[in-house]
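Just below is one structure, and these are the notes that go with it.
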Amino acid sequence: MKIAIIGGGPSGLFLAILLKEQLPHTEVHIYEQNPPDATFGFGVVLADAGLSNLRAGSPKVVDDLVGAMRFNEWQTIVSRDSAISIRRPGIGGGAISRITLLKILGDHARRLGAQITYNHRVTDFSSIDADLVVGADGINSQLRVADEPKFGTSRYNLTNHFAWYGVAKPFPTSTLVFRKYLGGCFVAHYYPYSESMSTFVAECDHQTWQELGMETMGAPKRQLLFEEVFAPELGGYRLVSNNSNFRQFDVIRNSRWTFDNRVLIGDAGSSAHPSIGSGTRIAMEDSIALAGAIVRNGSDILAALEDYVSVRAPAKAKLIVASEASCNWYERMREWMDAFTPHEFVYRYMMRTGRVDNARLKDQYPDLAAELERAGVLSTTTQ
Ligand SMILES: Cc1cc2nc3c(=O)[nH]c(=O)nc-3n(C[C@H](O)[C@H](O)[C@H](O)COP(=O)(O)OP(=O)(O)OC[C@H]3O[C@@H](n4cnc5c(N)ncnc54)[C@H](O)[C@@H]3O)c2cc1C
């Protein structure tokens with residue numbers, strides 16, 4: 001069996017590993033448009049729960065990823081310049097530079113015999129000679145774009161604007177700072193991912209974008225503005241850009257994940273908003289489900305694709321619903337920043353995805369729950 005994977009991101013590389021581990025005689029060829037030492041973004045976080053799901057797919061790979069991660073059990077949320085610390089359950093979130101993640105996955109895939117062709121952007125999908133063509137080509141998937149009606153694609157843009165920067169300062173904890181500045185509403189999410197670097201996601205609402213003239217300001221001035229807004233936290237460090245363009249998040253959904261011998265996985269199939277911090281994990285879980293379906297169905301590709309969708313769709317839907325609830329919450333951050341005290345704000349933040357209720361908050365975040373009770377927030381808002 002020959003399987004072509006378009007895209008050497010987390011989902012494509014992990015799928016290749018899982019296939020070669022379980023079906024060593026399958027020919028797996030990955031096409032990646034970038035060179036092996038280049039990617040977008042900086043560090044990503046994989047939470048404790050996500051890592052155990054991935055471990056079920058390939059323990060060896062997850063051991064290597066965990067070895068390269070920086071774990072931090074604390075998260076700080078700042079609103080109205082008041083900081084509240086949250087101890088996260090388990091071992092907390094593990095942060096890793098995206099390029100290290102891809103290198104570890106790429107090394108495993110090659111060691112197992114997958115072929116990876118870098119610097120190769122696929123544009124003509126009909127000429128690919130394979131029994132199965134996998135679109136693991138991310139949010140701007142060309143495999144999807146080429147046949148959107150067949151995949152039943154729908155899309156809309158969120159209104160907030162965000163950019164993915166780095167900063168050469170290893171912050172002590174993962175922190176979200178919501179700040180009003182010059183009448184605008186800004187948020188920075190930063191977390192360390194190596195000895196010397198942190199990710200810094202910069203975001204503002206559309207009203208801010210318009211009122212402060214950010215559309216016409218140009219990239220360097222926008223960066224300077226964020227450096228000014230978050231000067232107390234940056235302490236003189238400059239933001240580092242890696243094609244860090246501001247954009248409005250594309251919410252992409254597909255009513256069908258497959259047609260003929262083509263299938264979409266990861267962001268190509270359903271984009272996951274960065275604020276839920278699970279896009280990589282969701283993408284890699286897709287790979288586990290697809291590899292499992294191929295193993296179960298042997299050379300019957302169409303049966304495997306049907307099996308993949310029936311197994312994966314219900315579990316993925318829950319994560320995607322949470323992602324949508326989270327991004328909708330961020331879309332209204334101006335209202336929350338105006339309305340809520342820091343404790344109320346943190347409570348709302350914790351509840352934003354609908355996956356945490358009061359009982360779960362008390363069970364998994366007992367210190368925070370106690371603090372919110374002392375502040376009169378948990379009891380007064382409990383229904
Ligand atoms: C600001 C920001 C912060 C984030 N933080 C986190 C986080 O902390 N934790 C987390 O889990 N997730 C995070 N994410 C989400 C995460 O980056 C994505 O969900 C994840 O990368 C999806 O993986 P993927 O394999 O589906 O696609 P991608 O990672 O996008 O990989 C697709 C690959 O396909 C290649 N490609 C595209 N088109 C072609 C083509 N035509 N031919 C050949 N190659 C092609 C691309 O170069 C790329 O390497 C964040 C995202 C953003 C934007």
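For the structure tokens, the naming scheme is as follows: chains receive sequential letters (A, B, ...) according to their order of presentation, residues are indexed from 1 within each chain, and ligands are indexed from 1 in presentation order.
Around Arg281 in chain A, within 8 Å and counting only C-alpha atoms, the residues found are Leu46, Gly50, Leu51, Leu54, Ser278, Met284 and Glu285 of chain A, once anything fewer than 3 positions away on its own chain is removed.
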With the cut-off set at 10 Å and counting only C-alpha atoms, tabulate each residue of range 147-241 of chain A with an atom at most that distance from an atom of range 23-40 of chain A, showing the nearest atom pair and its distance in Å to one decimal, ordered by chain and increasing number, as a Markdown table.
| residue | atom | partner | partner_atom | distance |
| --- | --- | --- | --- | --- |
| A:Trp164 | CA | A:Phe40 | CA | 8.6 |
| A:Tyr165 | CA | A:Phe40 | CA | 9.8 |
| A:Ser241 | CA | A:Phe40 | CA | 9.9 |
Do you know which residues are at most 8 Å from Val61 in chain A counting only C-alpha atoms, after dropping those on the same chain fewer than 2 positions away, and could you put them as a list of chain:residue names?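 Close residues of Val61 in chain A: A:Arg55, A:Ser58, A:Pro59, A:Asp63, A:Asp64, A:Leu65, A:Ile104, A:Leu105, A:His108.
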Take the residues that were just selected and, keeping C-alpha atoms, output them as an mmCIF file, in the first residue's frame.
data_model
loop_
_atom_site.group_PDB
_atom_site.id
_atom_site.type_symbol
_atom_site.label_atom_id
_atom_site.label_comp_id
_atom_site.auth_asym_id
_atom_site.auth_seq_id
_atom_site.Cartn_x
_atom_site.Cartn_y
_atom_site.Cartn_z
ATOM 1 C CA ARG A 55 1.341 8.213 24.553
ATOM 2 C CA SER A 58 3.436 5.879 20.413
ATOM 3 C CA PRO A 59 5.069 5.776 23.871
ATOM 4 C CA ASP A 63 8.999 9.970 25.790
ATOM 5 C CA ASP A 64 11.288 11.877 23.425
ATOM 6 C CA LEU A 65 8.920 14.843 23.247
ATOM 7 C CA ILE A 104 11.880 14.677 16.872
ATOM 8 C CA LEU A 105 8.892 13.513 14.829
ATOM 9 C CA HIS A 108 11.376 8.930 14.143
#
Ligand 1: which residues are within 6 Å, counting only C-alpha atoms and all ligand atoms, as a PyMOL selection string? chain A and resi 6-12+31-34+44-46+120-123+136-139+141-142+164+201+266-268+272+274+277-281+283
May I have all residues of range 74-132 of chain A that DSSP, computed from the backbone, assigns to strand (DSSP E), given as a list in words?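 Going through range 74-132 of chain A, the strand (DSSP E) residues come out as Trp74, Gln75, Thr76, Ile77, Val78, Ser79, Ser82, Ala83, Ile84, Ser85, Ile86, Arg87, Gly93, Gly94, Ala95, Ile96, Ser97, Gln115, Ile116, Thr117 and Leu132 of chain A.
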Residues near range 358-365 of chain A, cut-off 8 Å, only C-alpha atoms, skip fewer than 5 positions along chain, as a VMD selection string: chain A and resid 86 to 89 370 378 382
Ranking A:Tyr181, A:Phe162, A:Phe230, A:Tyr347 by minimum distance to Ala369 in chain A and counting only C-alpha atoms, which one comes first?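 Looking only at the distances to Ala369 in chain A, the closest residue turns out to be A:Tyr347.
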Which residue out of A:Val177, A:Ala68, A:Leu112, A:Cys327 has the minimum interatomic distance to Asn160 in chain A when only C-alpha atoms are used?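 Of A:Val177, A:Ala68, A:Leu112, A:Cys327, the one nearest Asn160 in chain A, counting only C-alpha atoms, is A:Cys327.
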As JSON, numbers by chain, please: the residues near Ala304 in chain A (cut-off 12 Å, only C-alpha atoms, same-chain neighbours under 3 positions excluded). {"A": [131, 132, 258, 260, 261, 262, 263, 289, 290, 291, 292, 293, 294, 295, 296, 297, 298, 299, 300, 301, 307, 308, 309, 310, 311, 312]}
Selection above as a file: N, CA and C atoms, as a compact mmCIF listing (two decimals), in the first residue's frame:
# COMPACT_ATOMS: atom_id res chain seq x y z
N ASP A 131 -2.34 5.05 -2.99
CA ASP A 131 -3.67 4.48 -2.69
C ASP A 131 -4.47 5.44 -1.82
N LEU A 132 -3.77 6.24 -1.02
CA LEU A 132 -4.44 7.18 -0.13
C LEU A 132 -3.64 8.48 -0.11
N THR A 258 -13.68 13.28 3.95
CA THR A 258 -13.04 12.44 2.92
C THR A 258 -13.82 12.54 1.61
N ASP A 260 -13.39 10.21 -2.29
CA ASP A 260 -12.54 9.23 -2.99
C ASP A 260 -11.47 8.71 -2.04
N ASN A 261 -10.20 8.83 -2.48
CA ASN A 261 -9.12 8.31 -1.62
C ASN A 261 -8.39 9.45 -0.91
N ARG A 262 -9.10 10.56 -0.67
CA ARG A 262 -8.48 11.72 -0.01
C ARG A 262 -9.09 11.93 1.36
N VAL A 263 -8.27 12.38 2.29
CA VAL A 263 -8.79 12.60 3.65
C VAL A 263 -8.06 13.79 4.27
N ALA A 289 -6.16 8.13 15.19
CA ALA A 289 -7.43 7.52 14.75
C ALA A 289 -7.32 7.01 13.31
N LEU A 290 -6.68 7.80 12.44
CA LEU A 290 -6.58 7.38 11.04
C LEU A 290 -5.67 6.15 10.91
N ALA A 291 -4.53 6.16 11.59
CA ALA A 291 -3.63 5.01 11.51
C ALA A 291 -4.37 3.76 12.02
N GLY A 292 -5.11 3.90 13.11
CA GLY A 292 -5.84 2.75 13.66
C GLY A 292 -6.84 2.20 12.66
N ALA A 293 -7.55 3.10 11.98
CA ALA A 293 -8.56 2.65 11.01
C ALA A 293 -7.89 1.95 9.83
N ILE A 294 -6.73 2.43 9.41
CA ILE A 294 -6.03 1.79 8.28
C ILE A 294 -5.56 0.39 8.70
N VAL A 295 -5.05 0.28 9.92
CA VAL A 295 -4.59 -1.02 10.41
C VAL A 295 -5.78 -2.00 10.46
N ARG A 296 -6.92 -1.52 10.94
CA ARG A 296 -8.08 -2.41 11.09
C ARG A 296 -8.65 -2.88 9.75
N ASN A 297 -8.51 -2.03 8.72
CA ASN A 297 -9.20 -2.33 7.46
C ASN A 297 -8.29 -2.80 6.33
N GLY A 298 -7.03 -2.96 6.64
CA GLY A 298 -6.09 -3.49 5.64
C GLY A 298 -6.07 -2.63 4.39
N SER A 299 -6.14 -3.28 3.22
CA SER A 299 -5.98 -2.51 1.98
C SER A 299 -7.31 -1.88 1.53
N ASP A 300 -8.39 -2.07 2.28
CA ASP A 300 -9.67 -1.48 1.89
C ASP A 300 -9.72 -0.01 2.37
N ILE A 301 -9.20 0.88 1.53
CA ILE A 301 -9.02 2.29 1.92
C ILE A 301 -10.35 2.96 2.21
N ASP A 307 -14.37 4.19 8.65
CA ASP A 307 -14.08 3.79 10.04
C ASP A 307 -13.45 4.98 10.78
N TYR A 308 -12.49 5.64 10.12
CA TYR A 308 -11.81 6.80 10.73
C TYR A 308 -12.83 7.87 11.14
N VAL A 309 -13.71 8.21 10.23
CA VAL A 309 -14.67 9.29 10.53
C VAL A 309 -15.60 8.86 11.66
N SER A 310 -16.06 7.61 11.62
CA SER A 310 -17.04 7.22 12.65
C SER A 310 -16.39 7.15 14.02
N VAL A 311 -15.12 6.79 14.08
CA VAL A 311 -14.45 6.72 15.39
C VAL A 311 -14.05 8.11 15.87
N ARG A 312 -13.53 8.91 14.97
CA ARG A 312 -12.91 10.17 15.39
C ARG A 312 -13.90 11.34 15.54
Quick one: residues within 12 Å of Gly235 in chain A, only C-alpha atoms counted, chain neighbours fewer than 3 positions away excluded, as a list in words?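 These residues fall inside the cut-off: Val167, Ala168, Lys169, Pro170, Phe171, Glu227, Glu228, Val229, Phe230, Ala231, Pro232, Arg238 and Leu239 of chain A.
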Next, the residues of the selection above should be written as a short mmCIF file (atom, residue, chain, number, x, y, z; two decimals), in the first residue's frame with N, CA, C and O atoms.
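Written out: part-v6.cif:
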data_model
loop_
_atom_site.label_atom_id
_atom_site.label_comp_id
_atom_site.auth_asym_id
_atom_site.auth_seq_id
_atom_site.Cartn_x
_atom_site.Cartn_y
_atom_site.Cartn_z
N VAL A 167 10.01 35.77 22.30
CA VAL A 167 10.78 36.77 23.03
C VAL A 167 11.93 36.03 23.72
O VAL A 167 11.74 34.93 24.24
N ALA A 168 13.13 36.64 23.68
CA ALA A 168 14.31 35.97 24.23
C ALA A 168 14.38 36.17 25.74
O ALA A 168 15.40 36.60 26.29
N LYS A 169 13.26 35.89 26.39
CA LYS A 169 13.20 36.01 27.85
C LYS A 169 12.42 34.79 28.36
O LYS A 169 11.26 34.61 27.98
N PRO A 170 13.07 33.94 29.17
CA PRO A 170 12.33 32.78 29.68
C PRO A 170 11.46 33.19 30.87
O PRO A 170 11.90 33.21 32.01
N PHE A 171 10.22 33.54 30.60
CA PHE A 171 9.32 33.96 31.68
C PHE A 171 9.15 32.80 32.69
O PHE A 171 9.22 31.64 32.29
N GLU A 227 4.89 46.14 22.25
CA GLU A 227 6.02 46.22 23.18
C GLU A 227 5.76 47.31 24.23
O GLU A 227 6.17 47.19 25.38
N GLU A 228 5.07 48.36 23.78
CA GLU A 228 4.74 49.46 24.70
C GLU A 228 3.66 49.03 25.70
O GLU A 228 3.79 49.25 26.90
N VAL A 229 2.62 48.36 25.18
CA VAL A 229 1.52 47.93 26.05
C VAL A 229 2.03 46.97 27.13
O VAL A 229 1.63 47.05 28.29
N PHE A 230 2.93 46.06 26.72
CA PHE A 230 3.38 45.04 27.66
C PHE A 230 4.81 45.30 28.14
O PHE A 230 5.52 44.36 28.54
N ALA A 231 5.21 46.58 28.14
CA ALA A 231 6.55 46.96 28.61
C ALA A 231 6.83 46.47 30.04
O ALA A 231 7.93 45.99 30.33
N PRO A 232 5.85 46.54 30.96
CA PRO A 232 6.15 46.07 32.33
C PRO A 232 6.55 44.59 32.36
O PRO A 232 7.39 44.19 33.15
N ARG A 238 12.80 42.89 23.34
CA ARG A 238 12.02 43.11 22.12
C ARG A 238 11.29 41.82 21.73
O ARG A 238 11.77 40.72 22.01
N LEU A 239 10.16 41.98 21.06
CA LEU A 239 9.51 40.80 20.48
C LEU A 239 10.33 40.33 19.27
O LEU A 239 10.95 41.15 18.58
#
Skipping near chain neighbours, those fewer than 4 positions away, what residues fall within 9 Å of Gly93 in chain A using only C-alpha atoms, listed as a tab-separated table (two decimals) with all heavy atoms, in the first residue's frame?
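Result file out.tsv:
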chain	number	residue	atom	x	y	z
A	45	VAL	N	2.37	24.36	23.57
A	45	VAL	CA	2.16	23.64	24.83
A	45	VAL	C	1.31	22.41	24.56
A	45	VAL	O	0.34	22.48	23.83
A	45	VAL	CB	1.43	24.55	25.85
A	45	VAL	CG1	1.05	23.77	27.10
A	45	VAL	CG2	2.29	25.73	26.22
A	46	LEU	N	1.72	21.30	25.14
A	46	LEU	CA	0.87	20.10	25.12
A	46	LEU	C	0.53	19.79	26.57
A	46	LEU	O	1.42	19.53	27.38
A	46	LEU	CB	1.61	18.93	24.48
A	46	LEU	CG	1.92	19.08	22.99
A	46	LEU	CD1	2.82	17.97	22.50
A	46	LEU	CD2	0.65	19.09	22.17
A	47	ALA	N	-0.75	19.82	26.90
A	47	ALA	CA	-1.16	19.64	28.29
A	47	ALA	C	-1.03	18.18	28.70
A	47	ALA	O	-0.97	17.28	27.86
A	47	ALA	CB	-2.59	20.12	28.49
A	48	ASP	N	-0.97	18.00	29.98
A	48	ASP	CA	-0.84	16.69	30.62
A	48	ASP	C	-1.80	15.65	30.01
A	48	ASP	O	-1.38	14.57	29.57
A	48	ASP	CB	-1.20	16.95	32.10
A	48	ASP	CG	-0.85	15.81	32.99
A	48	ASP	OD1	-0.24	14.88	32.47
A	48	ASP	OD2	-1.21	15.85	34.18
A	70	ARG	N	9.58	21.72	28.56
A	70	ARG	CA	9.68	22.40	29.87
A	70	ARG	C	8.29	22.38	30.48
A	70	ARG	O	7.35	22.89	29.89
A	70	ARG	CB	10.11	23.85	29.67
A	70	ARG	CG	11.59	24.02	29.45
A	70	ARG	CD	11.86	25.46	29.08
A	70	ARG	NE	11.69	26.35	30.23
A	70	ARG	CZ	12.66	26.70	31.06
A	70	ARG	NH1	13.87	26.21	30.89
A	70	ARG	NH2	12.43	27.53	32.05
A	71	PHE	N	8.19	21.79	31.67
A	71	PHE	CA	6.88	21.70	32.32
A	71	PHE	C	6.71	22.80	33.34
A	71	PHE	O	7.68	23.22	33.98
A	71	PHE	CB	6.71	20.32	32.99
A	71	PHE	CG	6.44	19.26	31.98
A	71	PHE	CD1	7.49	18.60	31.34
A	71	PHE	CD2	5.15	18.96	31.61
A	71	PHE	CE1	7.24	17.64	30.38
A	71	PHE	CE2	4.89	18.00	30.65
A	71	PHE	CZ	5.93	17.34	30.04
A	72	ASN	N	5.50	23.28	33.45
A	72	ASN	CA	5.22	24.34	34.40
A	72	ASN	C	3.80	24.16	34.90
A	72	ASN	O	2.87	24.13	34.13
A	72	ASN	CB	5.37	25.69	33.68
A	72	ASN	CG	5.51	26.81	34.65
A	72	ASN	OD1	4.83	26.83	35.68
A	72	ASN	ND2	6.41	27.73	34.36
A	73	GLU	N	3.68	23.99	36.22
A	73	GLU	CA	2.33	23.73	36.73
A	73	GLU	C	1.55	25.00	37.05
A	73	GLU	O	0.39	24.93	37.44
A	73	GLU	CB	2.40	22.81	37.96
A	73	GLU	CG	3.28	23.36	39.04
A	73	GLU	CD	3.37	22.43	40.25
A	73	GLU	OE1	2.53	21.54	40.37
A	73	GLU	OE2	4.27	22.63	41.07
A	74	TRP	N	2.20	26.15	36.87
A	74	TRP	CA	1.53	27.40	37.23
A	74	TRP	C	1.10	28.20	36.01
A	74	TRP	O	1.82	28.27	35.02
A	74	TRP	CB	2.46	28.28	38.07
A	74	TRP	CG	2.65	27.72	39.45
A	74	TRP	CD1	3.67	26.94	39.89
A	74	TRP	CD2	1.75	27.85	40.56
A	74	TRP	NE1	3.48	26.59	41.20
A	74	TRP	CE2	2.30	27.13	41.64
A	74	TRP	CE3	0.53	28.50	40.74
A	74	TRP	CZ2	1.67	27.05	42.88
A	74	TRP	CZ3	-0.09	28.42	41.98
A	74	TRP	CH2	0.47	27.70	43.03
A	88	ARG	N	-2.03	24.25	37.92
A	88	ARG	CA	-2.76	23.38	36.98
A	88	ARG	C	-2.67	21.92	37.45
A	88	ARG	O	-1.72	21.55	38.15
A	88	ARG	CB	-2.17	23.52	35.58
A	88	ARG	CG	-2.43	24.92	35.02
A	88	ARG	CD	-2.08	25.04	33.57
A	88	ARG	NE	-0.64	25.12	33.36
A	88	ARG	CZ	-0.08	25.72	32.33
A	88	ARG	NH1	-0.81	26.30	31.41
A	88	ARG	NH2	1.23	25.75	32.20
A	174	SER	N	3.57	30.40	32.65
A	174	SER	CA	2.65	30.73	31.55
A	174	SER	C	1.71	31.82	32.06
A	174	SER	O	1.12	31.68	33.13
A	174	SER	CB	1.86	29.46	31.20
A	174	SER	OG	0.82	29.79	30.34
Write out as a PyMOL selection string all residues of range 166-318 of chain A that backbone DSSP assigns to alpha helix (DSSP H). chain A and resi 206-211+214-217+219-229+231-234+279-297+301-318
Show me, as a tab-separated table, the residues of range 114-150 of chain A having an atom within 10 Å of range 247-257 of chain A, each with the closest atom pair and its distance in Å, using only C-alpha atoms.
residue	atom	partner	partner_atom	distance
A:Gly135	CA	A:Trp257	CA	9.8
A:Ile139	CA	A:Ile252	CA	7.7
A:Asn140	CA	A:Asp250	CA	9.2
A:Arg144	CA	A:Asn254	CA	9.1
A:Glu148	CA	A:Asn254	CA	8.3
A:Pro149	CA	A:Asn254	CA	9.4
A:Lys150	CA	A:Arg256	CA	7.5
Option closest in space to Ile99 in chain A, from A:Ile84, A:Arg332, A:Ser154, A:Gly43 [counting only C-alpha atoms]: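 Checking each of A:Ile84, A:Arg332, A:Ser154, A:Gly43 against Ile99 in chain A, counting only C-alpha atoms, the winner is A:Gly43.
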